[in-house]
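Colleague: Quick one: structure below, then a few questions.
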Amino acid sequence: MPELPEVEAVVRTLRPFVVGRKITSCHVLHPIAVRPSSGRGARAAAARIERALPGRRVVGVTRLGKFLLMPLDRGVIAMHFRLDGQLVWFEATKTTGHIDVAIGFGGAGTLGFVDGRHFGRVEFEEDQSQIAGLKKLGVDSLSKEFTRPRFAELLAKSSLPLKLFLLDQKKVAGIGNIYSNEAMWLARLKPMRRASSLKPAEVARLYKSIGSILRRALECCLHPAPNFRDPNWWFQGIEDILNLYGREGLKCRRDGHPILRSEQGGRSTFWCKACQK
Ligand SMILES: [Zn+2]
């Protein structure tokens, strides 16, 4: 599931493909991919996007939390990959395989948004402030605005268990299940701790751990970078830098105790009872 590092790697890799290029066509092959968050009007939204995009130029590719944003000379496209949405690039106007949304750039190629499980979304709005998912987004966890004092302040105000606090995109944006588990392990903090119970030294450890795991994961996601020309591309080697992922019952790399799995908010928390307090 793409979290901040994966989306950031997609953002950086996508720029040379689309920035400065004019959109010549847009075909929504599966309207569910553009369904508004209200859950209604997928077909109307598809017709609107197909009509609106041609003729507009991509001026950048950026990211907020787990959203990829493609600002246009007028308006903005927002993409959310959810579980396993991805992008594929075709050198021609012709596309093959399962494509949900095909955005054509004349002779340069076609960008396909692909999500066979249909959880991912593509949105278009004339103004970024109209993208519903962005309105509620908290501070981006790789941005300059994500400072230790800011983080401490957010934690102090929350009675959520630490794990659920980290997953809450309204508080800190970009961290998902995998990197929240890793950050808490690196910081030696128990996922069930109440966010507001963290002492200054613990806040400092967690803040440092979040930055450290996100930056390491981003490096990993960029080497090798996503290969949009391969319809089956996916990130490689990330499990090598993770200490908990896929390691339930195996030995904690710090102290040899078994890695436990607990449910929190319907998601799996992996942790070590011996070293996370
Ligand atoms: Zn341990």
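Order determines the names: the first chain of the structure tokens is A, the second B, and so forth; residues in each chain are numbered 1 upward, and ligands are numbered 1 upward as they are shown.
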Select the residues contacting ligand 1 at a distance of at most 6 Å, based on only C-alpha atoms and all ligand atoms, then format the selection as a ChimeraX atom specification.
Modeller: /A:252,254-255,257,272,274-275
Colleague: Within 8 Å of Ala9 of chain A, counting only C-alpha atoms, which residues qualify if same-chain residues fewer than 2 places away don't, as a ChimeraX atom specification?
Modeller: /A:5-7,11-13,218,221-222,225-226
Colleague: Would you write out those residues with N, CA, C and O atoms, as a tab-separated table (two decimals), in the first residue's frame?
Modeller:
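So out.tsv came out as:
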```tsv
chain	number	residue	atom	x	y	z
A	5	PRO	N	6.42	7.72	1.27
A	5	PRO	CA	7.64	7.53	0.46
A	5	PRO	C	7.35	7.00	-0.95
A	5	PRO	O	7.96	7.44	-1.93
A	6	GLU	N	6.39	6.08	-1.04
A	6	GLU	CA	6.05	5.52	-2.34
A	6	GLU	C	5.44	6.60	-3.24
A	6	GLU	O	5.79	6.71	-4.43
A	7	VAL	N	4.52	7.40	-2.67
A	7	VAL	CA	3.88	8.45	-3.48
A	7	VAL	C	4.91	9.50	-3.89
A	7	VAL	O	4.93	9.96	-5.04
A	11	VAL	N	5.84	10.75	-7.58
A	11	VAL	CA	5.82	12.17	-7.94
A	11	VAL	C	7.10	12.56	-8.69
A	11	VAL	O	7.07	13.12	-9.78
A	12	ARG	N	8.25	12.22	-8.09
A	12	ARG	CA	9.53	12.63	-8.68
A	12	ARG	C	9.78	11.95	-10.02
A	12	ARG	O	10.37	12.54	-10.93
A	13	THR	N	9.34	10.69	-10.11
A	13	THR	CA	9.57	9.94	-11.35
A	13	THR	C	8.64	10.41	-12.46
A	13	THR	O	9.00	10.39	-13.63
A	218	LEU	N	12.09	6.36	1.22
A	218	LEU	CA	12.08	7.12	-0.03
A	218	LEU	C	13.31	6.78	-0.88
A	218	LEU	O	13.21	6.54	-2.09
A	221	CYS	N	12.65	3.54	-2.41
A	221	CYS	CA	11.64	3.61	-3.49
A	221	CYS	C	12.21	4.23	-4.76
A	221	CYS	O	11.65	4.06	-5.84
A	222	LEU	N	13.29	4.99	-4.62
A	222	LEU	CA	13.89	5.65	-5.80
A	222	LEU	C	15.01	4.81	-6.42
A	222	LEU	O	15.54	5.16	-7.46
A	225	ALA	N	13.91	3.36	-9.28
A	225	ALA	CA	12.71	4.21	-9.35
A	225	ALA	C	11.58	3.44	-10.03
A	225	ALA	O	11.83	2.46	-10.74
A	226	PRO	N	10.34	3.85	-9.78
A	226	PRO	CA	9.21	3.20	-10.45
A	226	PRO	C	9.42	3.19	-11.97
A	226	PRO	O	9.89	4.17	-12.53
```
Colleague: With only C-alpha atoms as the atoms that count, which of A:Gly97, A:Pro161, A:Pro31, A:Gly85 lies nearest to Leu198 of chain A?
Modeller: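 Residue with the minimum atom-to-atom distance to Leu198 of chain A: A:Pro161.
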Colleague: Could you check the closest approach to Arg216 of chain A for each of A:Gly106, A:Gly176, A:Gly256, A:Gly237 and tell me which residue wins, using only C-alpha atoms?
Modeller: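 Among A:Gly106, A:Gly176, A:Gly256, A:Gly237, it is A:Gly237 that comes nearest to Arg216 of chain A.
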Colleague: Write out as a PyMOL selection string all residues of segment 49-215 of chain A that DSSP puts in strand (DSSP E or B) for this structure's backbone.
Modeller: chain A and resi 57-58+62-64+67-72+76-80+86-90+101-104+110-114+121-125+139-140+161+172-173+194
Colleague: Taking into account only C-alpha atoms, which residue in the set A:Gln169, A:Val203, A:Tyr179, A:Lys163 is nearest to Gly266 of chain A?
Modeller: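 Among the listed residues, A:Lys163 lies closest to Gly266 of chain A.
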Colleague: As number ranges by chain, please: all residues of segment 39-226 of chain A that backbone DSSP puts in alpha helix (DSSP H).
Modeller: A: 42-52, 132-135, 148-156, 162-167, 177-186, 200-221
Colleague: Counting only C-alpha atoms, figure out which residue out of A:Glu182, A:Glu145, A:Asp73, A:Glu50 gets nearest to Glu123 of chain A.
Modeller: A:Glu50
Colleague: So, counting only C-alpha atoms, which residue among A:Arg82, A:Arg253, A:Arg261, A:Lys22 is closest to Val122 of chain A?
Modeller: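 Ranking A:Arg82, A:Arg253, A:Arg261, A:Lys22 by distance to Val122 of chain A, first place goes to A:Arg82.
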Colleague: Can you list, as a list in words, every protein, DNA or RNA residue that comes within 10 Å of Ala78 of chain A when you count only C-alpha atoms, leaving out same-chain residues fewer than 2 positions away?
Modeller: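 Once the nearby chain positions are removed, what remains is Val61, Thr62, Arg63, Leu64, Phe67, Leu68, Leu69, Met70, Pro71, Val76, His80, Arg121, Val122, Glu123, Phe124, Glu125, Gln128, Ile131, Gly133 and Leu134 of chain A.
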Colleague: Write out as a count of residues only the residues lying within 12 Å of Leu166 of chain A, counting only C-alpha atoms and excluding same-chain residues fewer than 2 positions away.
Modeller: 41
Colleague: Just how far from atom CA of Val28 of chain A is atom CA of Asp100 of chain A, in Å to one decimal?
Modeller: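 Atom-to-atom, atom CA of Asp100 of chain A and atom CA of Val28 of chain A are spaced 6.1 Å apart.
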